[in-house]
Amino acid sequence: MRSFDELSAAEIAAGVAAGDFSAEEVARASLDAIEAREPSIHAFLQVTEELALERARELDRARAAGEKLPPLAGVPLAVKDNMNLIGSRTTCGSRMLEDYESPYTATCVARMVEAGCLPVAKANMDEFAFGSSTETSYFGKTANPWDVERVPGGSSGGSAAAVAAGEVTLALGSDTGGSIRQPASFCGVVGLKPTYGAVSRYGVVAFGSSLDQVGPFGRRVEDVALAMNALVGPGRDPLDSTSQDCPVDFLEHLEDGVRGLRIGVVSELVEARGVSAEVKAVVYAAARALQDQGAELVEVALPHIEDSIAAYYVIGPCEAFSNLARFDGVRYGYQEPGCATLAEQSEKSRAKGFGAEAKRRQMLGAYLLSSGVYDRYYYKAQQARTLITRSYANAFEKADVLLLPSSPRTAFKFGEISDPTEMYASDLCTISSNIAGNGSISVPAGLGRETGLPVAVQLQGPAFKDRRLLTFARAVERAFEGECAVAPAFAGKGGELA
Amino acid sequence: MALSEDDVRAIAEYARIGLDDEELTAMTAYMNDAVELLRPIVEFDPAGVDPTFHPIGDLSDVMRDDEERPGLSLEAALENAHAKEGRLFRVPSILGGGGLS
Amino acid sequence: MKTLSEVLRDWEAVIGLEVHTELTTLETKMFCGCRLSHEDDPNADVCPVCLGLPGALPVPNKEAIRSIVKAGLATDCEIQKRSMFYRKHYFYPDMAKNFQTTQGPVAFCMHGHLDLEIRGQGAAELPADAPEDRRASTPSSAMNAHGGTGALALDEDAAGEGLLTRTDDGYTVPIRILRIHMEEDAAKMTHLGGSEGRIGGAAESLIDYNRCGTPLIELVTEPDLRTPEEARLFMEKLRRVFLAIGISDCSLESGSMRCDGNVSLRRKGETTLGTKTELKNLNSFKSLHDGLEYEICRQAQVLEEGGVVLQETRHFEPARKRTVVMRVKETADDYRLFPDPDLAPFDLSDDFIESCRAELGELPDAKRDRFEATFNLKRADAEALAADPALASFFETAAGAAARGAVSVANVLLNVVLGQWRAAGEDAKSSSLTPAQVAGLADLVAEGAIVSAQAREVAAAMAETGESAEAIVDARGLRQETDDDALMAVVEQVLAACPDQAAQYRSGNTKVIGYLVGQCMRACNGTGNPKRFNELLRESLT
């Protein structure tokens, strides 16, 4: 007997297709692992057992009928709870949407399910994705499987933790300023923020519309590549105006290696104040490993990266204010009972439905967009966006991908407030690629020599060159193979597959 | 230019976020701190640089054909509403409410 | 209160219009695939997008963009290739997202104009000493109510000469259009428990989101209008243009075309603008005229009594012919306008714009001029026929089928058929008369085979039976004898029988001819043409 958590997505799909085990058995294995591990992790806000079993039986019937199974047949999937899925609640980790039943399904979720995934759970998150520790969820914290005293990162903390704890094989998250890459780094899993527009945002509750991007978590680069194939699927999503065609097979060049390619090391970020020694050591170790595999190391700079942080703290709240204006308790969401007027009902529903951070961001956004203020902040932030995009363009003339930390440090303890320099360093690592929109990925690169916790490196590529990112990520993975899989405390705990 | 509690109260009224006195004080402090942290963008002088409102900027003229697509059933449309009447959504008295109509 | 003409002796009224038009001829909404319908049950045509559900995203309807480009081309606007959608935030549940998706400083269409021809009585509303150049004294209201940033480059020559020109029976004047932008309509709210379904005093309100997200174009004029009649004519003309290009059913009654009026007064000769009020509920051409008339007179009274006009929104009550205050605007509304990040910017190609132009068809002014020139119609008749595309096409088909000229077809259509349609609740599209039938009728009238008075009866019978005019006239024995030899025989017979009357006529009492015509008609059992009898009698008696 072995646990399903040892298997890759490809191995599960192959096993189901070959009849080694049924999709329903995989679903039950995942549900069993969830039952065993969830009490310590709390990665999920809802386990959608029926949906998973229903999809599994459908696949099993298809196989019995001799049909060709889809590439992710039987692969257990968790989706962040800001993604709509009919038959489940979509709470965004907020009291505002505590009882909200999804009336439709997000394109990204639909495509994963279409590709054969079993939707087993909705994953915990910082409220409306405002946060980087998953501690601001109205429904409680999620633990880091590598040390349950520590946060999984955020805002897609539930998704990252679920994959790291082996409760599911794949998970979807969303990344507005690092919300996939930072938790992936904290939890020792692979997390990809694709290029803006590569994956449809339709059905994903918006935080910052021009910053948000959906992406997959997996324990292996290959799993993430398979998930990307499903997500870019049959072309651009006609329901998302900002979605673009990404006609690429992400598996195709995965094993090509990096010989002759150029890695741009962004030293100013690796050496930035606040980046811990163990993280620096891991980044340089990864650089050497890639060099050993034949890549050329070059030094690159990213001017205007600091402006991009200020831009983010303007654009994020402005778009959040606008996107969250719809939550007034009329059509859906928390409604304060017994109010005499509409204004009172809206004010009280929003006051009680939203947590502190959601209110702060909306208030700031409402101020920054006000007449006379807009020009000094929002407009300039979008000018900064132009400059950071140019910086990237220059950097990518010298290098095929950039190498930098995913996070300046490893996972911190619950309630531990990071100091401002560390916060700033953290923002420096991730935010600029949300501002410019290009793709970036966090890949585990061993355990920190001081903390013993997962450390990752981040690779950033030019827009719509996400496949190249995966080739590099696979090279990093090859160098550090075996060091990061399911977190040791949970590996094999429940989830046996015949 | 610091924001006063009155300024913040006006924003809260506009944004329909109810704040009690204590929350108002805390929010005012937060807003002033946040605005202070954004000073770099005010001092930033990118004269002549075009803004990028949409990342991956070469996208334009995205449109759909004028074709009907199935929408929501009435049941699904009303499912999450707390106050409804028959086929309609219900809201309390609008006295004092704004609006364009 | 003084009358309008009294007021306009001392004051100049400065009027601008904001006209909202729903693109009712489309199949679906602005940003989603929901059906456009005015009849469906409440909340039958809704989806995640137009209900503003979390996670839903907008995708613009291409035909809506084509429609607004056509509207711009038809009103001589400059089509802006580059523009964006913006979000305009206000908390009100008729807009499901609590923001309206609309356009910013740059609209799809900027700086157009419509030229008005004001004739007859309506022209008298404008005092004879009114200035000829309206632009000089009304600086462009560049940003209007739309806030936002960036100064607009204004093309001062957009309206050509821009001068008022006096004509024989009135004057012509170009009215500048500032912009036409694309936006989405709001949901329909019903207020319960208050008086007359109004919001004041209502205990609760019910919301139907069927209309939410309906494609809506908003046209804003420069404040170039000076009389209620000009405003009414502008709206009528705009409606004709929009009907001609087929972008809307333009029903003021059902609200698919809605007009707000901004009006202020200033002393004659003054060049700065006075404080304006905004008028709502102008949902007929008459209300538009009467509402503005009342408001101009009210403002004059306030000002003449030493008061000040407050910047406010006022509601016109047609039954009582007065305006009442709805809301006072103390400060400009701050809608937190910013470019919608969910919608890609527009960079329309020449091909796109030209393909819209190719679909425009002939506009009412061009059609009127052509009818006037080709068919020799009176200008007013040509204008009336060109006003409605279906009527114009009906006319042209009938004129093509008629043997005795288009003037008679125009007369029969305007004087007989329109009345019959109105009575039967029909129009040119739903007509139970065919153009061929109308052509036949017009020919009979033209050749004098029947008189105009009979045409109504024949038209009604044609509609009922579907038969030709000729068949009905013959079956009913209505045909007037037009053969002069036959008629002359009757004339001679009558003159022989009435020597006294003949003598009276010859001695100067020409009125007696009526009696003689009557005798002729009786003698031929009503089959002769009385007009011809008249002529033949006169010839015989001289």
# chains A, B, ... in the order shown; residues from 1 in each chain; ligands from 1
>>> residues_around(residues="A:Arg111", least_positions_apart="3", cutoff="9 Å", atoms="only C-alpha atoms", output="JSON, numbers by chain")
{"A": [106, 107, 108, 114, 115, 116, 117, 230, 231, 232, 233, 234]}
>>> interface_residues(of="chain C", to="chain A", cutoff="7 Å", atoms="only C-alpha atoms", output="PDB file with N, CA and C atoms, in the first residue's frame")
ATOM      1  N   GLY C  52     -23.620  41.739 -11.914  1.00  0.00           N
ATOM      2  CA  GLY C  52     -22.441  42.169 -11.150  1.00  0.00           C
ATOM      3  C   GLY C  52     -21.976  41.115 -10.161  1.00  0.00           C
ATOM      4  N   PRO C  54     -19.659  38.444  -8.261  1.00  0.00           N
ATOM      5  CA  PRO C  54     -18.216  38.420  -8.064  1.00  0.00           C
ATOM      6  C   PRO C  54     -17.548  37.523  -9.110  1.00  0.00           C
ATOM      7  N   GLY C  55     -16.492  38.048  -9.735  1.00  0.00           N
ATOM      8  CA  GLY C  55     -15.727  37.262 -10.694  1.00  0.00           C
ATOM      9  C   GLY C  55     -16.141  37.431 -12.139  1.00  0.00           C
ATOM     10  N   ALA C  56     -17.315  38.031 -12.380  1.00  0.00           N
ATOM     11  CA  ALA C  56     -17.768  38.169 -13.763  1.00  0.00           C
ATOM     12  C   ALA C  56     -16.999  39.288 -14.463  1.00  0.00           C
ATOM     13  N   LEU C  57     -16.827  39.161 -15.763  1.00  0.00           N
ATOM     14  CA  LEU C  57     -16.051  40.138 -16.534  1.00  0.00           C
ATOM     15  C   LEU C  57     -16.819  40.572 -17.785  1.00  0.00           C
ATOM     16  N   PRO C  58     -16.629  41.825 -18.186  1.00  0.00           N
ATOM     17  CA  PRO C  58     -17.342  42.361 -19.353  1.00  0.00           C
ATOM     18  C   PRO C  58     -16.614  42.117 -20.668  1.00  0.00           C
ATOM     19  N   VAL C  59     -17.362  41.887 -21.725  1.00  0.00           N
ATOM     20  CA  VAL C  59     -16.799  41.847 -23.083  1.00  0.00           C
ATOM     21  C   VAL C  59     -17.713  42.681 -23.983  1.00  0.00           C
ATOM     22  N   ALA C  96     -25.497  47.211 -10.985  1.00  0.00           N
ATOM     23  CA  ALA C  96     -25.200  46.033 -10.172  1.00  0.00           C
ATOM     24  C   ALA C  96     -23.792  46.024  -9.586  1.00  0.00           C
ATOM     25  N   LYS C  97     -22.843  46.669 -10.245  1.00  0.00           N
ATOM     26  CA  LYS C  97     -21.464  46.651  -9.750  1.00  0.00           C
ATOM     27  C   LYS C  97     -21.182  47.855  -8.854  1.00  0.00           C
ATOM     28  N   ASN C  98     -22.183  48.717  -8.704  1.00  0.00           N
ATOM     29  CA  ASN C  98     -21.995  50.008  -8.054  1.00  0.00           C
ATOM     30  C   ASN C  98     -20.990  50.880  -8.797  1.00  0.00           C
ATOM     31  N   ASP C 334     -18.301  63.382  -7.281  1.00  0.00           N
ATOM     32  CA  ASP C 334     -16.990  62.799  -7.535  1.00  0.00           C
ATOM     33  C   ASP C 334     -17.184  61.306  -7.761  1.00  0.00           C
ATOM     34  N   ARG C 336     -15.072  59.105  -9.003  1.00  0.00           N
ATOM     35  CA  ARG C 336     -13.873  58.249  -8.986  1.00  0.00           C
ATOM     36  C   ARG C 336     -13.691  57.543 -10.330  1.00  0.00           C
ATOM     37  N   PRO C 341      -9.908  48.431 -16.004  1.00  0.00           N
ATOM     38  CA  PRO C 341      -8.811  47.514 -16.311  1.00  0.00           C
ATOM     39  C   PRO C 341      -9.285  46.196 -16.926  1.00  0.00           C
ATOM     40  N   ASP C 342     -10.586  45.919 -16.837  1.00  0.00           N
ATOM     41  CA  ASP C 342     -11.088  44.661 -17.400  1.00  0.00           C
ATOM     42  C   ASP C 342     -11.370  44.754 -18.892  1.00  0.00           C
ATOM     43  N   LEU C 343     -11.318  45.962 -19.444  1.00  0.00           N
ATOM     44  CA  LEU C 343     -11.647  46.130 -20.858  1.00  0.00           C
ATOM     45  C   LEU C 343     -10.439  46.655 -21.615  1.00  0.00           C
ATOM     46  N   ALA C 344     -10.115  46.006 -22.707  1.00  0.00           N
ATOM     47  CA  ALA C 344      -8.975  46.443 -23.516  1.00  0.00           C
ATOM     48  C   ALA C 344      -9.302  47.798 -24.139  1.00  0.00           C
TER      49      ALA C 344
END
>>> residues_around(residues="A:Gln46", least_positions_apart="4", cutoff="12 Å", atoms="only C-alpha atoms", output="PDB file with N, CA and C atoms, in the first residue's frame")
ATOM      1  N   LEU A  31      -9.611  12.205  -0.401  1.00  0.00           N
ATOM      2  CA  LEU A  31     -10.536  12.558   0.683  1.00  0.00           C
ATOM      3  C   LEU A  31     -10.067  11.952   2.001  1.00  0.00           C
ATOM      4  N   ILE A  34      -7.181  13.954   3.229  1.00  0.00           N
ATOM      5  CA  ILE A  34      -7.710  15.208   3.766  1.00  0.00           C
ATOM      6  C   ILE A  34      -8.231  14.984   5.187  1.00  0.00           C
ATOM      7  N   GLU A  38      -6.066  17.231   7.447  1.00  0.00           N
ATOM      8  CA  GLU A  38      -6.716  18.531   7.545  1.00  0.00           C
ATOM      9  C   GLU A  38      -6.801  19.076   8.977  1.00  0.00           C
ATOM     10  N   HIS A  42      -5.750  22.686   8.143  1.00  0.00           N
ATOM     11  CA  HIS A  42      -6.852  23.591   7.809  1.00  0.00           C
ATOM     12  C   HIS A  42      -6.558  24.388   6.543  1.00  0.00           C
ATOM     13  N   GLU A  50     -18.770  15.512  -2.976  1.00  0.00           N
ATOM     14  CA  GLU A  50     -19.714  15.050  -3.994  1.00  0.00           C
ATOM     15  C   GLU A  50     -19.265  15.437  -5.398  1.00  0.00           C
ATOM     16  N   LEU A  51     -18.778  16.665  -5.534  1.00  0.00           N
ATOM     17  CA  LEU A  51     -18.331  17.117  -6.851  1.00  0.00           C
ATOM     18  C   LEU A  51     -17.167  16.274  -7.348  1.00  0.00           C
ATOM     19  N   ALA A  78      -7.372  21.225  -5.708  1.00  0.00           N
ATOM     20  CA  ALA A  78      -8.006  22.196  -4.803  1.00  0.00           C
ATOM     21  C   ALA A  78      -7.993  23.545  -5.504  1.00  0.00           C
ATOM     22  N   VAL A  79      -9.047  24.337  -5.345  1.00  0.00           N
ATOM     23  CA  VAL A  79      -9.031  25.675  -5.928  1.00  0.00           C
ATOM     24  C   VAL A  79      -9.211  26.717  -4.833  1.00  0.00           C
ATOM     25  N   LYS A  80      -8.513  27.794  -5.006  1.00  0.00           N
ATOM     26  CA  LYS A  80      -8.587  28.896  -4.050  1.00  0.00           C
ATOM     27  C   LYS A  80     -10.031  29.354  -3.947  1.00  0.00           C
ATOM     28  N   ASP A  81     -10.434  29.768  -2.756  1.00  0.00           N
ATOM     29  CA  ASP A  81     -11.853  30.051  -2.550  1.00  0.00           C
ATOM     30  C   ASP A  81     -12.296  31.412  -3.073  1.00  0.00           C
ATOM     31  N   LEU A  85     -17.254  27.863  -8.426  1.00  0.00           N
ATOM     32  CA  LEU A  85     -17.453  26.485  -8.866  1.00  0.00           C
ATOM     33  C   LEU A  85     -18.879  26.120  -8.480  1.00  0.00           C
ATOM     34  N   GLY A  87     -21.984  24.407  -7.265  1.00  0.00           N
ATOM     35  CA  GLY A  87     -22.085  23.314  -6.311  1.00  0.00           C
ATOM     36  C   GLY A  87     -21.224  23.546  -5.089  1.00  0.00           C
ATOM     37  N   SER A  88     -20.525  24.682  -5.078  1.00  0.00           N
ATOM     38  CA  SER A  88     -19.719  25.004  -3.893  1.00  0.00           C
ATOM     39  C   SER A  88     -19.974  26.446  -3.487  1.00  0.00           C
ATOM     40  N   ARG A  89     -19.592  26.783  -2.268  1.00  0.00           N
ATOM     41  CA  ARG A  89     -19.602  28.186  -1.859  1.00  0.00           C
ATOM     42  C   ARG A  89     -18.301  28.833  -2.332  1.00  0.00           C
ATOM     43  N   THR A  90     -18.338  30.116  -2.574  1.00  0.00           N
ATOM     44  CA  THR A  90     -17.129  30.878  -2.888  1.00  0.00           C
ATOM     45  C   THR A  90     -17.081  32.011  -1.878  1.00  0.00           C
ATOM     46  N   THR A  91     -16.240  31.867  -0.842  1.00  0.00           N
ATOM     47  CA  THR A  91     -16.309  32.808   0.279  1.00  0.00           C
ATOM     48  C   THR A  91     -15.238  33.890   0.238  1.00  0.00           C
ATOM     49  N   CYS A  92     -14.174  33.694  -0.516  1.00  0.00           N
ATOM     50  CA  CYS A  92     -13.039  34.620  -0.502  1.00  0.00           C
ATOM     51  C   CYS A  92     -12.488  34.814   0.915  1.00  0.00           C
ATOM     52  N   GLY A  93     -12.719  33.829   1.771  1.00  0.00           N
ATOM     53  CA  GLY A  93     -12.215  33.945   3.137  1.00  0.00           C
ATOM     54  C   GLY A  93     -12.852  35.077   3.917  1.00  0.00           C
ATOM     55  N   GLU A  98     -19.868  34.472   3.338  1.00  0.00           N
ATOM     56  CA  GLU A  98     -19.919  33.245   4.130  1.00  0.00           C
ATOM     57  C   GLU A  98     -20.864  32.205   3.513  1.00  0.00           C
ATOM     58  N   ASP A  99     -22.025  32.650   3.043  1.00  0.00           N
ATOM     59  CA  ASP A  99     -23.029  31.712   2.529  1.00  0.00           C
ATOM     60  C   ASP A  99     -23.173  31.762   1.023  1.00  0.00           C
ATOM     61  N   GLU A 101     -23.319  30.926  -2.556  1.00  0.00           N
ATOM     62  CA  GLU A 101     -23.298  29.739  -3.421  1.00  0.00           C
ATOM     63  C   GLU A 101     -22.923  30.180  -4.833  1.00  0.00           C
ATOM     64  N   PRO A 119     -12.406  18.070  -8.534  1.00  0.00           N
ATOM     65  CA  PRO A 119     -12.409  19.236  -7.635  1.00  0.00           C
ATOM     66  C   PRO A 119     -12.750  18.812  -6.215  1.00  0.00           C
ATOM     67  N   VAL A 120     -11.735  18.583  -5.384  1.00  0.00           N
ATOM     68  CA  VAL A 120     -12.013  18.031  -4.053  1.00  0.00           C
ATOM     69  C   VAL A 120     -12.215  19.092  -2.980  1.00  0.00           C
ATOM     70  N   ALA A 121     -11.716  20.322  -3.186  1.00  0.00           N
ATOM     71  CA  ALA A 121     -11.844  21.275  -2.076  1.00  0.00           C
ATOM     72  C   ALA A 121     -11.653  22.708  -2.532  1.00  0.00           C
ATOM     73  N   LYS A 122     -12.182  23.624  -1.707  1.00  0.00           N
ATOM     74  CA  LYS A 122     -11.971  25.061  -1.877  1.00  0.00           C
ATOM     75  C   LYS A 122     -10.974  25.481  -0.797  1.00  0.00           C
ATOM     76  N   ALA A 123      -9.916  26.177  -1.233  1.00  0.00           N
ATOM     77  CA  ALA A 123      -8.789  26.414  -0.331  1.00  0.00           C
ATOM     78  C   ALA A 123      -8.862  27.772   0.372  1.00  0.00           C
ATOM     79  N   ASN A 124      -8.384  27.772   1.596  1.00  0.00           N
ATOM     80  CA  ASN A 124      -8.380  28.973   2.442  1.00  0.00           C
ATOM     81  C   ASN A 124      -7.468  30.057   1.828  1.00  0.00           C
ATOM     82  N   PHE A 139     -12.286  32.673   8.393  1.00  0.00           N
ATOM     83  CA  PHE A 139     -12.583  31.309   8.830  1.00  0.00           C
ATOM     84  C   PHE A 139     -11.386  30.611   9.460  1.00  0.00           C
ATOM     85  N   GLY A 158      -3.865  28.438   1.492  1.00  0.00           N
ATOM     86  CA  GLY A 158      -4.553  27.145   1.549  1.00  0.00           C
ATOM     87  C   GLY A 158      -4.159  26.259   0.381  1.00  0.00           C
TER      88      GLY A 158
END
>>> residues_around(residues="B:Glu85", least_positions_apart="5", cutoff="12 Å", atoms="only C-alpha atoms", output="mmCIF file with C-alpha atoms, in the first residue's frame")
data_model
loop_
_atom_site.group_PDB
_atom_site.id
_atom_site.type_symbol
_atom_site.label_atom_id
_atom_site.label_comp_id
_atom_site.auth_asym_id
_atom_site.auth_seq_id
_atom_site.Cartn_x
_atom_site.Cartn_y
_atom_site.Cartn_z
ATOM 1 C CA LEU B 78 -32.036 35.268 -6.724
ATOM 2 C CA ARG B 90 -35.868 44.187 -2.660
ATOM 3 C CA VAL B 91 -34.105 47.082 -0.949
ATOM 4 C CA PRO C 42 -38.476 40.608 -14.375
ATOM 5 C CA ASN C 43 -34.947 39.244 -14.023
ATOM 6 C CA THR C 190 -40.059 50.281 -8.691
ATOM 7 C CA LEU C 192 -43.420 51.060 -3.335
ATOM 8 C CA GLU C 204 -39.038 49.930 -0.203
ATOM 9 C CA SER C 205 -37.969 49.460 -3.776
ATOM 10 C CA LEU C 206 -37.880 46.467 -6.077
ATOM 11 C CA ILE C 207 -35.225 45.890 -8.702
ATOM 12 C CA ASP C 208 -35.455 44.229 -12.101
#
>>> select_by_dssp(residues="stretch 187-413 of chain A", states="strand (DSSP E or B)", output="number ranges by chain")
A: 190-193, 204, 213-218, 262-265, 296-299, 341, 401-405, 413
>>> atom_distance(atom1="atom CA of C:Asp94", atom2="atom CA of A:Gly316")
26.2 Å
>>> residues_around(residues="A:Ser426", least_positions_apart="2", cutoff="9 Å", atoms="only C-alpha atoms", output="number ranges by chain")
A: 178, 182, 274-275, 405-409, 421-424, 428-431
>>> atom_distance(atom1="atom CA of B:Asp6", atom2="atom CA of B:Glu43")
26.1 Å
>>> residues_around(residues="B:Arg69", least_positions_apart="2", cutoff="8 Å", atoms="only C-alpha atoms", output="number ranges by chain")
B: 67, 71; C: 32-35
>>> atom_distance(atom1="atom CA of C:Phe533", atom2="atom CA of C:Ala475")
23.0 Å
>>> select_by_dssp(residues="chain B", states="helix (DSSP H, G or I)", output="PyMOL selection string")
chain B and resi 5-14+21-37+39-43+74-78
>>> interface_residues(of="chain B", to="chain C", cutoff="6 Å", atoms="only C-alpha atoms", output="PDB file with N, CA and C atoms, in the first residue's frame")
ATOM      1  N   SER B  60      -5.958  45.367 -28.117  1.00  0.00           N
ATOM      2  CA  SER B  60      -6.967  46.396 -28.342  1.00  0.00           C
ATOM      3  C   SER B  60      -8.137  45.833 -29.127  1.00  0.00           C
ATOM      4  N   ASP B  61      -9.234  46.593 -29.109  1.00  0.00           N
ATOM      5  CA  ASP B  61     -10.430  46.233 -29.889  1.00  0.00           C
ATOM      6  C   ASP B  61     -10.943  44.825 -29.597  1.00  0.00           C
ATOM      7  N   MET B  63     -13.704  42.524 -28.787  1.00  0.00           N
ATOM      8  CA  MET B  63     -15.155  42.604 -28.840  1.00  0.00           C
ATOM      9  C   MET B  63     -15.725  41.212 -29.079  1.00  0.00           C
ATOM     10  N   ARG B  64     -17.026  41.106 -28.827  1.00  0.00           N
ATOM     11  CA  ARG B  64     -17.693  39.828 -29.097  1.00  0.00           C
ATOM     12  C   ARG B  64     -18.795  40.063 -30.114  1.00  0.00           C
ATOM     13  N   ASP B  65     -19.220  39.006 -30.764  1.00  0.00           N
ATOM     14  CA  ASP B  65     -20.340  39.118 -31.688  1.00  0.00           C
ATOM     15  C   ASP B  65     -21.621  39.314 -30.890  1.00  0.00           C
ATOM     16  N   ASP B  66     -22.596  39.939 -31.551  1.00  0.00           N
ATOM     17  CA  ASP B  66     -23.878  40.246 -30.893  1.00  0.00           C
ATOM     18  C   ASP B  66     -24.757  38.995 -30.891  1.00  0.00           C
ATOM     19  N   GLU B  68     -26.720  35.903 -28.568  1.00  0.00           N
ATOM     20  CA  GLU B  68     -27.260  35.584 -27.252  1.00  0.00           C
ATOM     21  C   GLU B  68     -26.523  34.392 -26.645  1.00  0.00           C
ATOM     22  N   ARG B  69     -26.352  34.465 -25.329  1.00  0.00           N
ATOM     23  CA  ARG B  69     -25.741  33.379 -24.565  1.00  0.00           C
ATOM     24  C   ARG B  69     -26.655  33.090 -23.409  1.00  0.00           C
ATOM     25  N   GLY B  71     -28.172  32.848 -19.944  1.00  0.00           N
ATOM     26  CA  GLY B  71     -27.822  33.515 -18.693  1.00  0.00           C
ATOM     27  C   GLY B  71     -28.167  32.634 -17.506  1.00  0.00           C
ATOM     28  N   LEU B  72     -28.568  33.262 -16.413  1.00  0.00           N
ATOM     29  CA  LEU B  72     -28.891  32.516 -15.200  1.00  0.00           C
ATOM     30  C   LEU B  72     -30.396  32.257 -15.128  1.00  0.00           C
ATOM     31  N   ARG B  87     -40.240  37.876  -8.298  1.00  0.00           N
ATOM     32  CA  ARG B  87     -39.104  37.768  -9.208  1.00  0.00           C
ATOM     33  C   ARG B  87     -38.096  38.895  -9.001  1.00  0.00           C
ATOM     34  N   LEU B  88     -38.287  39.720  -7.980  1.00  0.00           N
ATOM     35  CA  LEU B  88     -37.501  40.952  -7.855  1.00  0.00           C
ATOM     36  C   LEU B  88     -36.613  40.989  -6.611  1.00  0.00           C
ATOM     37  N   PHE B  89     -35.542  41.752  -6.714  1.00  0.00           N
ATOM     38  CA  PHE B  89     -34.704  42.035  -5.548  1.00  0.00           C
ATOM     39  C   PHE B  89     -35.357  43.183  -4.780  1.00  0.00           C
ATOM     40  N   ARG B  90     -35.218  43.155  -3.470  1.00  0.00           N
ATOM     41  CA  ARG B  90     -35.868  44.187  -2.660  1.00  0.00           C
ATOM     42  C   ARG B  90     -34.835  44.941  -1.836  1.00  0.00           C
ATOM     43  N   VAL B  91     -34.970  46.260  -1.802  1.00  0.00           N
ATOM     44  CA  VAL B  91     -34.105  47.082  -0.949  1.00  0.00           C
ATOM     45  C   VAL B  91     -34.972  48.000  -0.095  1.00  0.00           C
ATOM     46  N   PRO B  92     -34.455  48.377   1.079  1.00  0.00           N
ATOM     47  CA  PRO B  92     -35.233  49.286   1.921  1.00  0.00           C
ATOM     48  C   PRO B  92     -35.295  50.689   1.316  1.00  0.00           C
ATOM     49  N   SER B  93     -36.020  51.563   1.964  1.00  0.00           N
ATOM     50  CA  SER B  93     -36.228  52.934   1.492  1.00  0.00           C
ATOM     51  C   SER B  93     -34.926  53.601   1.078  1.00  0.00           C
ATOM     52  N   GLY B  99     -27.473  58.484  -6.765  1.00  0.00           N
ATOM     53  CA  GLY B  99     -27.863  57.799  -7.989  1.00  0.00           C
ATOM     54  C   GLY B  99     -27.989  58.746  -9.152  1.00  0.00           C
TER      55      GLY B  99
END
>>> interface_residues(of="chain B", to="chain A", cutoff="7 Å", atoms="only C-alpha atoms", output="ChimeraX atom specification")
/B:11-12,15-19,31,38,40-42,46,49-56,62,76,80-82,89,91-95,97
>>> residues_around(residues="C:Ser264", least_positions_apart="3", cutoff="6 Å", atoms="only C-alpha atoms", output="PyMOL selection string")
chain C and resi 13-14+274-276
>>> write_last_selection(atoms="N, CA and C atoms", output="CSV table (one decimal), in the first residue's frame")
chain,number,residue,atom,x,y,z
C,13,ALA,N,-31.9,82.6,-23.4
C,13,ALA,CA,-31.9,81.3,-22.8
C,13,ALA,C,-30.8,80.4,-23.5
C,14,VAL,N,-30.0,79.8,-22.6
C,14,VAL,CA,-28.9,78.9,-23.1
C,14,VAL,C,-29.3,77.5,-22.8
C,274,GLY,N,-25.1,81.8,-17.1
C,274,GLY,CA,-25.8,81.9,-15.8
C,274,GLY,C,-25.8,80.5,-15.1
C,275,THR,N,-26.4,80.4,-13.9
C,275,THR,CA,-26.4,79.1,-13.3
C,275,THR,C,-27.5,78.2,-13.9
C,276,LYS,N,-27.2,77.0,-14.2
C,276,LYS,CA,-28.1,76.2,-15.0
C,276,LYS,C,-28.9,75.2,-14.0
>>> closest_residue(among="A:Leu302, A:Val199, A:Gly154, A:Ser440", to="A:Asp237", atoms="only C-alpha atoms")
A:Val199
